[in-house]
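Trainee: Below is one structure. I have some questions about it.
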Amino acid sequence: MTEKKGHLLDNHLEDGANGTQGKPGMVEVQDEAKAAPTDESQVTPATFNVLKAMVKGWVEEVRRGGRVASLVLEHFYRWLTVSSSRLYDPALYTLVHQLMHRLFLQLLAEFKRFGSDIVFASFDRLVIATSKRELSSAIGYARYVIDAIQKKPIFGAMELRPAKIWDHLYWMDPYNHGGLVCENPDEILAAAVALKQGKVMNVEAQVKVDMAWNIGNYLPPAAEICFLKAMTSLMAEVGYAKRKAKRQGTGTLIGAGILDAEARADVVESVHKPLLKSIRAMPRTSEDGAWKFPFLPGSHMHFKNPALEFIKSVIHVLSLNTELEEEVRDLRRRMLRVIDMTEFNDDANFVNPCAPFRLPQVICEFCNYCRDLDLTRDRDLLPKRADPGITDEDYADPLRAIAGAWSCPACRGEYDRSGIEQRLVDVAHRRLLAWQEQDLKCGRCRSVLAEDLRPHCPSCSGQIRTEYGRGEFVKRMKVFGNIAKFHRLEMLGEVVGWIVERDGWDVV
Ligand SMILES: [Zn+2]
Ligand SMILES: [Zn+2]
């Protein structure tokens with residue numbers, strides 16, 4: 001179940017301004033504003049009060065129908081967030097963001113109070129697991145909870161709506177998930193009502209297989225096809241087994257042990273044979289063409305064995321379902337045996353092949369839609385493989401790939417590419433600075449070294465190390481280099497190249 005949520009900011013500031021007795025979070029916020037600032041990184045109460053009064057005034061004017069105030073309010077968050085704006089003050093921005101975060105936590109607490117399990121939560125998306133057996137009752141439950149939450153004045157200005165509903169869901173992260181989904185919850189409700197009226201209606205027909213597996217993109221194209229096929233048949237098998245269990249009444253609740261031991265064994269057995277067949281047909285070394293590992297913006301590892309990487313990805317996804325734990329462990333052993341590897345081999349452990357890079361709070365200049373850009377995983381930002389004139393070969397060579405335009409998902413307006421590149425350059429500089437200015441620590445007792453030029457810790461003679469590992473820094477720079485190449489960001493490429501050259505590291 002997903003709910004999209006509107007802006008947290010105006011509501012929170014306004015609530016703070018009204019004084020909200022009885023709401024612990026809000027009282028805390030007000031106390032924080034009253035506290036005397038200790039340094040310039042904190043906002044004075046006077047500044048915060050001016051901001052509060054200003055926003056409150058605008059909100060009141062909007063309620064009276066003021067169009068200008070409405071326009072000003074729309075742009076307010078951008079003025080507060082963008083560093084080139086006159087209203088920008090890092091301390092004020094941090095404080096407002098903290099307030100938004102607290103309101104967000106209160107919202108999550110409300111959902112938990114109504115008995116939902118939080119699967120994933122961000123400022124624009126919330127995924128919850130309910131204990132309802134039927135899709136229609138899950139939608140009814142979600143609507144009831146949303147209504148109840150929105151009746152509270154503190155959440156009144158928020159927009160919450162159920163966007164998607166999953167029959168069952170394998171969730172790794174927002175870029176890696178799959179399941180049986182219905183994208184229009186109203187269809188399910190309509191089907192359920194028709195069913196009650198005695199009309200013949202197949203509720204399950206509204207549900208389809210939903211696949212978004214970023215990790216699959218990092219497999220050779222031929223292995224990726226096998227991976228998606230395996231995932232699709234797995235989702236279908238689990239869906240079938242759950243429906244059967246529901247009909248027979250053997251299950252308990254959705255997502256909580258609905259399948260008995262026999263049904264679990266059946267599910268794994270049904271995917272087992274096709275999987276072993278695919279693995280036997282796969283080469284053990286990377287070859288050109290369909291068995292060559294692609295090079296993508298998030299690539300940070302060198303893979304050699306398509307069959308092994310395929311097994312690791314499949315098993316990792318299967319193990320997301322804790323219900324099938326034992327069966328999956330056995331399947332893993334059998335799959336690894338095909339490529340003559342034991343389950344205890346370190347190489348058989350899954351590591352996410354994509355190093356994420358998230359640029360937070362990018363605001364559209366046209367419609368003020370605010371989102372985080374993940375330049376290694378957001379599908380709409382990556383260069384399009386299907387563009388005319390781009391072959392797979394071109395795609396594998398980032399210099400030949402054509403970078404697509406980045407556009408806002410809400411209004412399709414194009415993002416300011418050079419502004420985003422400038423932010424990326426700033427991030428690269430800040431990371432370099434953070435690495436250079438970091439503390440030296442003792443590897444044994446973890447105490448920070450106060451004196452320079454000492455090779456050993458004065459208290460325990462342990463070896464001195466840097467706080468952050470060099471490997472992690474190099475990996476991050478490598479990802480920056482990949483992003484620059486893939487998205488054709490020349491300035492960023494030069495900056496990364498300069499950092500690398502200066503330190504003599506082989507980064508890209
Ligand atoms: Zn827009
Ligand atoms: Zn020490």
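Naming scheme: A, B, ... for chains in displayed order of the structure tokens; residues 1 onward per chain; ligands 1 onward as shown.
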Please give me, as a list in words, the residues lying within 10 Å of ligand 2 when counting only C-alpha atoms and all ligand atoms.
Mentor: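 Answer in the requested format: Lys441, Cys442, Gly443, Arg444, Cys445, Arg446, Ser447, Val448, Leu449, His456, Cys457, Pro458, Ser459, Cys460, Ser461, Gly462, Gln463 and Ile464 of chain A.
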Trainee: Please save N, CA and C atoms of the selected residues as a tab-separated table (two decimals), in the first residue's frame.
Mentor:
```
chain	number	residue	atom	x	y	z
A	441	LYS	N	42.71	7.95	13.86
A	441	LYS	CA	42.27	7.19	15.03
A	441	LYS	C	43.14	5.97	15.24
A	442	CYS	N	43.17	5.52	16.48
A	442	CYS	CA	43.90	4.28	16.76
A	442	CYS	C	43.03	3.10	16.31
A	443	GLY	N	43.65	2.18	15.59
A	443	GLY	CA	42.91	1.03	15.08
A	443	GLY	C	42.49	0.09	16.19
A	444	ARG	N	43.18	0.15	17.35
A	444	ARG	CA	42.87	-0.80	18.42
A	444	ARG	C	41.89	-0.21	19.43
A	445	CYS	N	42.24	0.96	20.02
A	445	CYS	CA	41.37	1.49	21.08
A	445	CYS	C	40.44	2.58	20.58
A	446	ARG	N	40.51	2.93	19.31
A	446	ARG	CA	39.63	3.88	18.64
A	446	ARG	C	39.73	5.31	19.17
A	447	SER	N	40.79	5.63	19.98
A	447	SER	CA	40.90	7.00	20.47
A	447	SER	C	41.49	7.89	19.37
A	448	VAL	N	41.05	9.16	19.36
A	448	VAL	CA	41.50	10.09	18.33
A	448	VAL	C	42.90	10.58	18.67
A	449	LEU	N	43.76	10.62	17.65
A	449	LEU	CA	45.14	11.04	17.85
A	449	LEU	C	45.21	12.56	17.98
A	456	HIS	N	52.13	5.46	15.95
A	456	HIS	CA	51.42	4.53	16.85
A	456	HIS	C	50.65	5.30	17.92
A	457	CYS	N	49.63	4.63	18.46
A	457	CYS	CA	48.80	5.24	19.51
A	457	CYS	C	49.62	5.40	20.79
A	458	PRO	N	49.60	6.60	21.44
A	458	PRO	CA	50.40	6.79	22.66
A	458	PRO	C	49.91	5.96	23.85
A	459	SER	N	48.61	5.59	23.86
A	459	SER	CA	48.13	4.84	25.02
A	459	SER	C	48.23	3.33	24.86
A	460	CYS	N	48.03	2.81	23.63
A	460	CYS	CA	48.04	1.34	23.50
A	460	CYS	C	49.00	0.85	22.40
A	461	SER	N	49.72	1.76	21.76
A	461	SER	CA	50.67	1.44	20.69
A	461	SER	C	50.02	0.79	19.47
A	462	GLY	N	48.70	0.97	19.35
A	462	GLY	CA	48.01	0.42	18.16
A	462	GLY	C	48.35	1.23	16.92
A	463	GLN	N	48.10	0.60	15.77
A	463	GLN	CA	48.39	1.27	14.49
A	463	GLN	C	47.40	2.43	14.27
A	464	ILE	N	47.91	3.58	13.78
A	464	ILE	CA	47.04	4.73	13.52
A	464	ILE	C	46.42	4.59	12.13
```
Trainee: Could you name the residues that touch region 413-425 of chain A at 9 Å or less, counting only C-alpha atoms, but leaving out those on the same chain fewer than 5 positions away, as an MDAnalysis selection string?
Mentor: chainID A and resid 359 362:367 405:408 430 480 484 489:492 495:496
Trainee: Suppose we keep N, CA and C atoms; can you now write the selection as a short mmCIF file (atom, residue, chain, number, x, y, z; two decimals), in the first residue's frame?
Mentor:
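Printed below is again.cif as written:
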```cif
data_model
loop_
_atom_site.label_atom_id
_atom_site.label_comp_id
_atom_site.auth_asym_id
_atom_site.auth_seq_id
_atom_site.Cartn_x
_atom_site.Cartn_y
_atom_site.Cartn_z
N LEU A 359 20.99 12.96 -4.81
CA LEU A 359 21.12 14.41 -4.66
C LEU A 359 19.79 14.89 -4.07
N VAL A 362 15.86 18.41 -4.95
CA VAL A 362 15.96 19.14 -6.21
C VAL A 362 14.55 19.64 -6.54
N ILE A 363 14.45 20.96 -6.70
CA ILE A 363 13.11 21.55 -6.87
C ILE A 363 12.94 22.03 -8.31
N CYS A 364 11.81 21.65 -8.90
CA CYS A 364 11.51 22.04 -10.29
C CYS A 364 11.25 23.55 -10.32
N GLU A 365 11.87 24.22 -11.30
CA GLU A 365 11.71 25.68 -11.38
C GLU A 365 10.34 26.07 -11.90
N PHE A 366 9.67 25.12 -12.55
CA PHE A 366 8.38 25.45 -13.17
C PHE A 366 7.21 25.20 -12.22
N CYS A 367 7.24 24.02 -11.54
CA CYS A 367 6.05 23.69 -10.74
C CYS A 367 6.38 23.48 -9.26
N ALA A 405 17.47 14.06 -21.58
CA ALA A 405 17.17 15.27 -20.81
C ALA A 405 16.57 14.86 -19.48
N TRP A 406 16.89 15.58 -18.44
CA TRP A 406 16.28 15.31 -17.13
C TRP A 406 15.04 16.16 -17.02
N SER A 407 13.92 15.50 -16.81
CA SER A 407 12.72 16.33 -16.70
C SER A 407 11.94 16.00 -15.43
N CYS A 408 11.16 16.99 -15.01
CA CYS A 408 10.37 16.87 -13.78
C CYS A 408 9.21 15.90 -14.01
N ARG A 430 33.23 18.85 -1.27
CA ARG A 430 33.01 18.67 0.17
C ARG A 430 33.50 17.30 0.63
N PHE A 480 31.20 9.07 -8.83
CA PHE A 480 31.12 10.41 -9.41
C PHE A 480 31.64 10.41 -10.85
N ALA A 484 29.55 11.33 -14.18
CA ALA A 484 29.99 12.37 -15.12
C ALA A 484 30.05 11.84 -16.54
N LEU A 489 28.58 15.10 -17.96
CA LEU A 489 28.78 16.29 -17.14
C LEU A 489 30.29 16.58 -17.16
N GLU A 490 30.69 17.45 -18.07
CA GLU A 490 32.13 17.63 -18.31
C GLU A 490 32.84 18.27 -17.13
N MET A 491 32.18 19.27 -16.54
CA MET A 491 32.84 19.98 -15.43
C MET A 491 33.07 19.00 -14.26
N LEU A 492 32.04 18.21 -13.95
CA LEU A 492 32.17 17.23 -12.87
C LEU A 492 33.28 16.23 -13.21
N VAL A 495 36.61 17.81 -12.55
CA VAL A 495 36.91 17.94 -11.11
C VAL A 495 37.32 16.57 -10.54
N VAL A 496 36.57 15.53 -10.90
CA VAL A 496 36.90 14.19 -10.40
C VAL A 496 38.26 13.76 -10.94
#
```
Trainee: Report, in Å with one decimal, the straight-line distance from CA of Gln42 (chain A) to CA of Leu95 (chain A).
Mentor: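 Distance between the two atoms: 8.0 Å.
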Trainee: In region 254-498 of chain A, what's strand (DSSP E or B) per DSSP? Answer as a list in words?
Mentor: Ala256, Ser299, Cys354, Arg358, Leu359, Pro360, Gln361, Val362, Ile363, Cys370, Arg371, Asp372, Leu373, Asp374, Ser407, Glu414, Leu440, Lys441, Cys442, Val448, His456, Gln463, Ile464, Arg465 and Thr466 of chain A
Trainee: Mind writing the picked residues with C-alpha atoms as a PDB file, in the first residue's frame?
Mentor:
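Just written: out-v8.pdb:
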```pdb
ATOM      1  CA  ALA A 256       2.244 -13.482   8.226  1.00  0.00           C
ATOM      2  CA  SER A 299      29.038   0.158 -11.177  1.00  0.00           C
ATOM      3  CA  CYS A 354      24.870  -0.499  -7.673  1.00  0.00           C
ATOM      4  CA  ARG A 358      21.240  10.664  -4.134  1.00  0.00           C
ATOM      5  CA  LEU A 359      21.121  14.409  -4.655  1.00  0.00           C
ATOM      6  CA  PRO A 360      18.510  15.591  -2.162  1.00  0.00           C
ATOM      7  CA  GLN A 361      15.829  18.240  -2.539  1.00  0.00           C
ATOM      8  CA  VAL A 362      15.958  19.135  -6.214  1.00  0.00           C
ATOM      9  CA  ILE A 363      13.114  21.554  -6.869  1.00  0.00           C
ATOM     10  CA  CYS A 370      10.514  18.616  -4.902  1.00  0.00           C
ATOM     11  CA  ARG A 371      12.296  15.299  -5.280  1.00  0.00           C
ATOM     12  CA  ASP A 372      15.579  13.565  -4.564  1.00  0.00           C
ATOM     13  CA  LEU A 373      17.507  12.654  -7.696  1.00  0.00           C
ATOM     14  CA  ASP A 374      19.275   9.319  -7.691  1.00  0.00           C
ATOM     15  CA  SER A 407      12.718  16.330 -16.697  1.00  0.00           C
ATOM     16  CA  GLU A 414      13.390  20.303 -17.988  1.00  0.00           C
ATOM     17  CA  LEU A 440      43.334   9.970  12.718  1.00  0.00           C
ATOM     18  CA  LYS A 441      42.270   7.193  15.033  1.00  0.00           C
ATOM     19  CA  CYS A 442      43.895   4.284  16.762  1.00  0.00           C
ATOM     20  CA  VAL A 448      41.501  10.094  18.326  1.00  0.00           C
ATOM     21  CA  HIS A 456      51.416   4.531  16.850  1.00  0.00           C
ATOM     22  CA  GLN A 463      48.385   1.274  14.491  1.00  0.00           C
ATOM     23  CA  ILE A 464      47.041   4.729  13.515  1.00  0.00           C
ATOM     24  CA  ARG A 465      44.403   4.790  10.796  1.00  0.00           C
ATOM     25  CA  THR A 466      42.182   7.347   9.125  1.00  0.00           C
TER      26      THR A 466
END
```
Trainee: Could you work out how far CA of Arg243 (chain A) lies from CA of Asp260 (chain A), giving the answer in Å with one decimal?
Mentor: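 The value is 12.7 Å.
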